[in-house]
Amino acid sequence: MIRDYSPEDYPRIIELWKLTGMGDEQRGDDQQVIERSLELGGRLLVMIRQSGNEIIGTSWITFDGRRLHLHHFGIHPDYQGQGLSHRLAEASIAFAREKKTQIKLEVHRNNRKAVSLYKKHGFKYLGDYNVYIIRDP
Ligand SMILES: CC(C)(COP(=O)(O)OP(=O)(O)OC[C@H]1O[C@@H](n2cnc3c(N)ncnc32)[C@H](O)[C@@H]1OP(=O)(O)O)[C@@H](O)C(=O)NCCC(=O)NCCS
């Protein structure tokens, strides 16, 4: 089942993000940032296993007023390889469709699974852009 984030999910979500290499303190993805992004019109979709209420996947979609950005899209390693990511991708894109807003993402070029998945769901490669950030302004 896919549902929206609620604050009590946070500790288990962080655990999943660390396990899948998607989040750490350096990126600043704490509970306050998540909840602010939801107030700004984003969503954090949480895939749970109905029996046991275990969190097995997340898709965090932020909104900057112009576009949606897809972050922290992942499936728990114990549940990978079963096609579950397709359901999460469909739900994420359905949100963009509802909001009538473009949706953009960054993925490492060597992440073959994710690149293949995103292309299957209609994401088009934008070109050879380099990505820059100031972590500590
Ligand atoms: C990327 C990720 C979400 C895919 O989920 P998954 O459960 O492993 O993959 P699924 O079984 O749902 O397969 C979905 C698609 O991924 C691709 N895929 C899966 N395994 C693959 C492999 N070994 N090689 C290439 N592509 C593969 C295929 O396109 C597949 O589509 P198909 O079912 O039509 O073959 C998952 O591997 C993951 O969470 N990875 C760690 C976090 C991550 O890197 N997230 C992306 C950040 S941008």
# chains A, B, ... in the order shown; residues from 1 in each chain; ligands from 1
>>> residues_around(residues="Gly23 in chain A", least_positions_apart="2", cutoff="12 Å", atoms="only C-alpha atoms", output="VMD selection string")
chain A and resid 13 to 21 25 to 30 34 58 60 71 to 74
>>> residues_around(residues="range 36-38 of chain A", least_positions_apart="5", cutoff="10 Å", atoms="only C-alpha atoms", output="VMD selection string")
chain A and resid 5 31 43 to 44 60 to 64
>>> closest_atom_pairs(of="chain A", to="ligand 1", cutoff="12 Å", atoms="only C-alpha atoms and all ligand atoms", output="CSV")
residue,atom,partner,partner_atom_place_in_ligand_line,distance
A:Leu16,CA,ligand 1,39 (O),9.4
A:Trp17,CA,ligand 1,42 (C),8.0
A:Lys18,CA,ligand 1,42 (C),9.7
A:Leu19,CA,ligand 1,41 (C),8.6
A:Thr20,CA,ligand 1,41 (C),4.9
A:Gly21,CA,ligand 1,42 (C),6.4
A:Met22,CA,ligand 1,42 (C),6.1
A:Gly23,CA,ligand 1,42 (C),9.8
A:Met47,CA,ligand 1,3 (C),11.6
A:Ile56,CA,ligand 1,39 (O),9.4
A:Gly57,CA,ligand 1,39 (O),7.4
A:Thr58,CA,ligand 1,39 (O),8.6
A:Ser59,CA,ligand 1,3 (C),9.2
A:Trp60,CA,ligand 1,47 (C),10.7
A:His69,CA,ligand 1,48 (S),11.1
A:Leu70,CA,ligand 1,48 (S),8.2
A:His71,CA,ligand 1,48 (S),6.8
A:His72,CA,ligand 1,47 (C),5.9
A:Phe73,CA,ligand 1,45 (N),5.0
A:Gly74,CA,ligand 1,39 (O),3.2
A:Ile75,CA,ligand 1,39 (O),3.8
A:His76,CA,ligand 1,39 (O),6.1
A:Pro77,CA,ligand 1,39 (O),6.8
A:Asp78,CA,ligand 1,7 (O),8.9
A:Tyr79,CA,ligand 1,7 (O),6.2
A:Gln80,CA,ligand 1,7 (O),3.2
A:Gly81,CA,ligand 1,11 (O),3.2
A:Gln82,CA,ligand 1,11 (O),4.2
A:Gly83,CA,ligand 1,12 (O),3.1
A:Leu84,CA,ligand 1,12 (O),4.4
A:Ser85,CA,ligand 1,12 (O),3.8
A:His86,CA,ligand 1,12 (O),5.5
A:Arg87,CA,ligand 1,12 (O),8.1
A:Leu88,CA,ligand 1,3 (C),8.6
A:Ala89,CA,ligand 1,3 (C),8.7
A:Glu90,CA,ligand 1,12 (O),11.4
A:Lys104,CA,ligand 1,48 (S),11.0
A:Leu105,CA,ligand 1,48 (S),7.3
A:Glu106,CA,ligand 1,48 (S),6.1
A:Val107,CA,ligand 1,48 (S),4.2
A:His108,CA,ligand 1,48 (S),6.7
A:Arg109,CA,ligand 1,48 (S),9.5
A:Asn110,CA,ligand 1,44 (O),9.7
A:Asn111,CA,ligand 1,44 (O),6.3
A:Arg112,CA,ligand 1,25 (C),5.2
A:Lys113,CA,ligand 1,26 (N),3.6
A:Ala114,CA,ligand 1,1 (C),4.0
A:Val115,CA,ligand 1,29 (O),7.5
A:Ser116,CA,ligand 1,29 (O),4.2
A:Leu117,CA,ligand 1,29 (O),4.1
A:Tyr118,CA,ligand 1,29 (O),7.7
A:Lys119,CA,ligand 1,29 (O),7.9
A:Lys120,CA,ligand 1,29 (O),6.6
A:His121,CA,ligand 1,29 (O),9.2
A:Gly122,CA,ligand 1,29 (O),11.8
>>> select_by_dssp(residues="chain A", states="alpha helix (DSSP H)", output="tab-separated table (two decimals) with N, CA and C atoms, in the first residue's frame")
chain	number	residue	atom	x	y	z
A	10	TYR	N	9.20	8.98	10.64
A	10	TYR	CA	10.54	9.52	10.40
A	10	TYR	C	11.70	8.58	10.77
A	11	PRO	N	11.73	8.02	11.99
A	11	PRO	CA	12.90	7.19	12.34
A	11	PRO	C	13.08	6.01	11.39
A	12	ARG	N	11.98	5.40	10.96
A	12	ARG	CA	12.10	4.24	10.07
A	12	ARG	C	12.47	4.68	8.65
A	13	ILE	N	12.03	5.87	8.28
A	13	ILE	CA	12.38	6.38	6.95
A	13	ILE	C	13.87	6.68	6.87
A	14	ILE	N	14.40	7.31	7.89
A	14	ILE	CA	15.83	7.63	7.92
A	14	ILE	C	16.66	6.35	7.85
A	15	GLU	N	16.20	5.36	8.56
A	15	GLU	CA	16.89	4.06	8.55
A	15	GLU	C	16.91	3.49	7.12
A	16	LEU	N	15.77	3.56	6.45
A	16	LEU	CA	15.68	3.05	5.08
A	16	LEU	C	16.58	3.86	4.14
A	17	TRP	N	16.60	5.17	4.32
A	17	TRP	CA	17.43	6.02	3.45
A	17	TRP	C	18.91	5.73	3.64
A	18	LYS	N	19.29	5.47	4.89
A	18	LYS	CA	20.71	5.15	5.13
A	18	LYS	C	21.04	3.79	4.52
A	19	LEU	N	20.14	2.85	4.69
A	19	LEU	CA	20.35	1.50	4.19
A	19	LEU	C	20.50	1.46	2.67
A	31	GLN	N	13.80	15.80	9.82
A	31	GLN	CA	12.34	15.81	9.90
A	31	GLN	C	11.76	17.20	9.59
A	32	GLN	N	12.48	18.23	10.06
A	32	GLN	CA	11.99	19.59	9.83
A	32	GLN	C	11.96	19.92	8.32
A	33	VAL	N	13.01	19.49	7.63
A	33	VAL	CA	13.09	19.76	6.18
A	33	VAL	C	11.97	19.00	5.46
A	34	ILE	N	11.78	17.76	5.85
A	34	ILE	CA	10.71	16.98	5.21
A	34	ILE	C	9.38	17.68	5.40
A	35	GLU	N	9.09	18.05	6.64
A	35	GLU	CA	7.75	18.60	6.92
A	35	GLU	C	7.56	19.98	6.29
A	36	ARG	N	8.64	20.75	6.19
A	36	ARG	CA	8.55	22.04	5.50
A	36	ARG	C	8.23	21.81	4.02
A	37	SER	N	8.86	20.79	3.43
A	37	SER	CA	8.62	20.53	2.00
A	37	SER	C	7.16	20.13	1.75
A	38	LEU	N	6.54	19.49	2.75
A	38	LEU	CA	5.14	19.11	2.60
A	38	LEU	C	4.24	20.35	2.69
A	39	GLU	N	4.60	21.27	3.59
A	39	GLU	CA	3.83	22.53	3.69
A	39	GLU	C	3.91	23.32	2.39
A	84	LEU	N	8.15	-3.69	-7.40
A	84	LEU	CA	7.39	-2.75	-6.56
A	84	LEU	C	7.68	-1.29	-6.92
A	85	SER	N	8.87	-1.05	-7.44
A	85	SER	CA	9.23	0.33	-7.76
A	85	SER	C	8.32	0.91	-8.85
A	86	HIS	N	7.78	0.03	-9.68
A	86	HIS	CA	6.86	0.54	-10.73
A	86	HIS	C	5.64	1.20	-10.09
A	87	ARG	N	5.11	0.59	-9.03
A	87	ARG	CA	3.92	1.13	-8.37
A	87	ARG	C	4.23	2.49	-7.74
A	88	LEU	N	5.42	2.58	-7.15
A	88	LEU	CA	5.81	3.84	-6.51
A	88	LEU	C	6.04	4.93	-7.57
A	89	ALA	N	6.63	4.55	-8.70
A	89	ALA	CA	6.86	5.51	-9.78
A	89	ALA	C	5.52	5.99	-10.35
A	90	GLU	N	4.59	5.05	-10.52
A	90	GLU	CA	3.27	5.45	-11.05
A	90	GLU	C	2.58	6.43	-10.11
A	91	ALA	N	2.65	6.15	-8.81
A	91	ALA	CA	1.99	7.04	-7.84
A	91	ALA	C	2.65	8.42	-7.85
A	92	SER	N	3.96	8.46	-8.03
A	92	SER	CA	4.68	9.74	-8.04
A	92	SER	C	4.30	10.57	-9.26
A	93	ILE	N	4.23	9.89	-10.40
A	93	ILE	CA	3.90	10.61	-11.64
A	93	ILE	C	2.42	11.02	-11.63
A	94	ALA	N	1.58	10.20	-11.00
A	94	ALA	CA	0.15	10.56	-10.89
A	94	ALA	C	0.02	11.88	-10.13
A	95	PHE	N	0.87	12.09	-9.14
A	95	PHE	CA	0.83	13.34	-8.38
A	95	PHE	C	1.19	14.52	-9.30
A	96	ALA	N	2.20	14.34	-10.14
A	96	ALA	CA	2.59	15.41	-11.07
A	96	ALA	C	1.44	15.69	-12.05
A	97	ARG	N	0.80	14.62	-12.47
A	97	ARG	CA	-0.32	14.78	-13.40
A	97	ARG	C	-1.45	15.56	-12.73
A	98	GLU	N	-1.78	15.17	-11.50
A	98	GLU	CA	-2.84	15.88	-10.74
A	98	GLU	C	-2.51	17.36	-10.60
A	99	LYS	N	-1.23	17.62	-10.33
A	99	LYS	CA	-0.79	18.99	-10.06
A	99	LYS	C	-0.51	19.76	-11.35
A	112	ARG	N	22.16	1.89	-13.00
A	112	ARG	CA	21.47	1.32	-14.17
A	112	ARG	C	20.01	0.98	-13.90
A	113	LYS	N	19.76	0.43	-12.69
A	113	LYS	CA	18.38	0.04	-12.37
A	113	LYS	C	17.47	1.25	-12.40
A	114	ALA	N	17.91	2.30	-11.68
A	114	ALA	CA	17.05	3.48	-11.57
A	114	ALA	C	16.90	4.18	-12.92
A	115	VAL	N	17.99	4.26	-13.69
A	115	VAL	CA	17.90	4.92	-15.01
A	115	VAL	C	16.89	4.18	-15.88
A	116	SER	N	16.99	2.85	-15.89
A	116	SER	CA	16.08	2.05	-16.71
A	116	SER	C	14.63	2.25	-16.26
A	117	LEU	N	14.44	2.24	-14.95
A	117	LEU	CA	13.09	2.41	-14.40
A	117	LEU	C	12.51	3.77	-14.80
A	118	TYR	N	13.29	4.84	-14.60
A	118	TYR	CA	12.78	6.18	-14.88
A	118	TYR	C	12.44	6.33	-16.37
A	119	LYS	N	13.29	5.78	-17.23
A	119	LYS	CA	13.00	5.89	-18.67
A	119	LYS	C	11.70	5.16	-19.01
A	120	LYS	N	11.49	4.01	-18.37
A	120	LYS	CA	10.25	3.26	-18.64
A	120	LYS	C	9.02	4.05	-18.24
>>> closest_residue(among="A:Leu45, A:Ser6, A:Tyr125, A:Arg66", to="Lys100 in chain A", atoms="only C-alpha atoms")
A:Arg66
>>> closest_residue(among="A:Tyr132, A:Glu54, A:Gly42, A:Asp24", to="Met1 in chain A", atoms="only C-alpha atoms")
A:Glu54
>>> select_by_dssp(residues="range 1-112 of chain A", states="strand (DSSP E or B)", output="ChimeraX atom specification")
/A:2-4,43-49,54-63,68-75,103-105
>>> atom_distance(atom1="CA of Asp4 in chain A", atom2="CA of Ser51 in chain A")
17.4 Å
>>> atom_distance(atom1="CA of Gln102 in chain A", atom2="CA of Ile2 in chain A")
21.6 Å
>>> atom_distance(atom1="CA of Asp128 in chain A", atom2="CA of Ile103 in chain A")
18.1 Å
>>> closest_residue(among="A:Thr101, A:Ile55, A:Gly127, A:Glu8", to="Gly41 in chain A", atoms="only C-alpha atoms")
A:Thr101
>>> decode(residues="range 18-103 of chain A", atoms="C-alpha atoms", output="JSON list (two decimals), in the first residue's frame")
[["chain", "number", "residue", "atom", "x", "y", "z"],
["A", 18, "LYS", "CA", 20.71, 5.15, 5.13],
["A", 19, "LEU", "CA", 20.35, 1.50, 4.19],
["A", 20, "THR", "CA", 19.77, 2.33, 0.54],
["A", 21, "GLY", "CA", 22.43, 5.07, 0.40],
["A", 22, "MET", "CA", 19.83, 7.79, -0.19],
["A", 23, "GLY", "CA", 20.15, 10.01, 2.82],
["A", 24, "ASP", "CA", 22.56, 11.17, 5.48],
["A", 25, "GLU", "CA", 23.14, 14.15, 7.75],
["A", 26, "GLN", "CA", 25.39, 15.84, 5.17],
["A", 27, "ARG", "CA", 22.40, 16.22, 2.85],
["A", 28, "GLY", "CA", 20.36, 17.87, 5.61],
["A", 29, "ASP", "CA", 17.35, 15.61, 5.21],
["A", 30, "ASP", "CA", 15.92, 15.91, 8.68],
["A", 31, "GLN", "CA", 12.34, 15.81, 9.90],
["A", 32, "GLN", "CA", 11.99, 19.59, 9.83],
["A", 33, "VAL", "CA", 13.09, 19.76, 6.18],
["A", 34, "ILE", "CA", 10.71, 16.98, 5.21],
["A", 35, "GLU", "CA", 7.75, 18.60, 6.92],
["A", 36, "ARG", "CA", 8.55, 22.04, 5.50],
["A", 37, "SER", "CA", 8.62, 20.53, 2.00],
["A", 38, "LEU", "CA", 5.14, 19.11, 2.60],
["A", 39, "GLU", "CA", 3.83, 22.53, 3.69],
["A", 40, "LEU", "CA", 5.23, 23.92, 0.42],
["A", 41, "GLY", "CA", 3.12, 21.51, -1.62],
["A", 42, "GLY", "CA", 5.32, 18.43, -1.81],
["A", 43, "ARG", "CA", 4.52, 14.87, -0.81],
["A", 44, "LEU", "CA", 6.43, 12.04, 0.75],
["A", 45, "LEU", "CA", 4.90, 8.78, -0.45],
["A", 46, "VAL", "CA", 5.54, 5.82, 1.78],
["A", 47, "MET", "CA", 5.10, 2.25, 0.61],
["A", 48, "ILE", "CA", 4.21, -0.08, 3.42],
["A", 49, "ARG", "CA", 3.71, -3.79, 3.73],
["A", 50, "GLN", "CA", 0.16, -4.08, 5.02],
["A", 51, "SER", "CA", 0.89, -7.00, 7.29],
["A", 52, "GLY", "CA", 3.25, -5.61, 9.91],
["A", 53, "ASN", "CA", 3.12, -2.00, 8.73],
["A", 54, "GLU", "CA", 6.78, -2.23, 7.65],
["A", 55, "ILE", "CA", 8.08, 0.68, 5.52],
["A", 56, "ILE", "CA", 9.47, -0.79, 2.31],
["A", 57, "GLY", "CA", 9.80, 2.20, 0.02],
["A", 58, "THR", "CA", 9.70, 5.97, -0.27],
["A", 59, "SER", "CA", 9.32, 8.63, -2.93],
["A", 60, "TRP", "CA", 9.83, 12.20, -1.78],
["A", 61, "ILE", "CA", 8.48, 14.80, -4.18],
["A", 62, "THR", "CA", 9.27, 18.42, -3.41],
["A", 63, "PHE", "CA", 7.71, 21.51, -5.01],
["A", 64, "ASP", "CA", 9.62, 24.74, -5.56],
["A", 65, "GLY", "CA", 6.68, 26.69, -6.97],
["A", 66, "ARG", "CA", 7.78, 25.90, -10.51],
["A", 67, "ARG", "CA", 8.41, 22.16, -10.75],
["A", 68, "LEU", "CA", 8.25, 19.00, -8.77],
["A", 69, "HIS", "CA", 11.53, 17.24, -7.95],
["A", 70, "LEU", "CA", 11.75, 13.55, -7.20],
["A", 71, "HIS", "CA", 14.13, 12.56, -4.39],
["A", 72, "HIS", "CA", 14.85, 9.56, -2.22],
["A", 73, "PHE", "CA", 13.05, 7.14, -4.47],
["A", 74, "GLY", "CA", 13.90, 3.69, -3.23],
["A", 75, "ILE", "CA", 12.82, 0.25, -2.18],
["A", 76, "HIS", "CA", 14.12, -1.65, 0.86],
["A", 77, "PRO", "CA", 16.79, -4.15, -0.29],
["A", 78, "ASP", "CA", 14.74, -7.09, 1.04],
["A", 79, "TYR", "CA", 11.92, -6.14, -1.34],
["A", 80, "GLN", "CA", 13.88, -5.13, -4.42],
["A", 81, "GLY", "CA", 13.57, -7.11, -7.63],
["A", 82, "GLN", "CA", 9.81, -7.65, -7.32],
["A", 83, "GLY", "CA", 8.63, -4.81, -9.52],
["A", 84, "LEU", "CA", 7.39, -2.75, -6.56],
["A", 85, "SER", "CA", 9.23, 0.33, -7.76],
["A", 86, "HIS", "CA", 6.86, 0.54, -10.73],
["A", 87, "ARG", "CA", 3.92, 1.13, -8.37],
["A", 88, "LEU", "CA", 5.81, 3.84, -6.51],
["A", 89, "ALA", "CA", 6.86, 5.51, -9.78],
["A", 90, "GLU", "CA", 3.27, 5.45, -11.05],
["A", 91, "ALA", "CA", 1.99, 7.04, -7.84],
["A", 92, "SER", "CA", 4.68, 9.74, -8.04],
["A", 93, "ILE", "CA", 3.90, 10.61, -11.64],
["A", 94, "ALA", "CA", 0.15, 10.56, -10.89],
["A", 95, "PHE", "CA", 0.83, 13.34, -8.38],
["A", 96, "ALA", "CA", 2.59, 15.41, -11.07],
["A", 97, "ARG", "CA", -0.32, 14.78, -13.40],
["A", 98, "GLU", "CA", -2.84, 15.88, -10.74],
["A", 99, "LYS", "CA", -0.79, 18.99, -10.06],
["A", 100, "LYS", "CA", -0.27, 19.60, -13.80],
["A", 101, "THR", "CA", 3.38, 20.28, -13.09],
["A", 102, "GLN", "CA", 6.66, 19.12, -14.62],
["A", 103, "ILE", "CA", 8.64, 16.60, -12.62]]
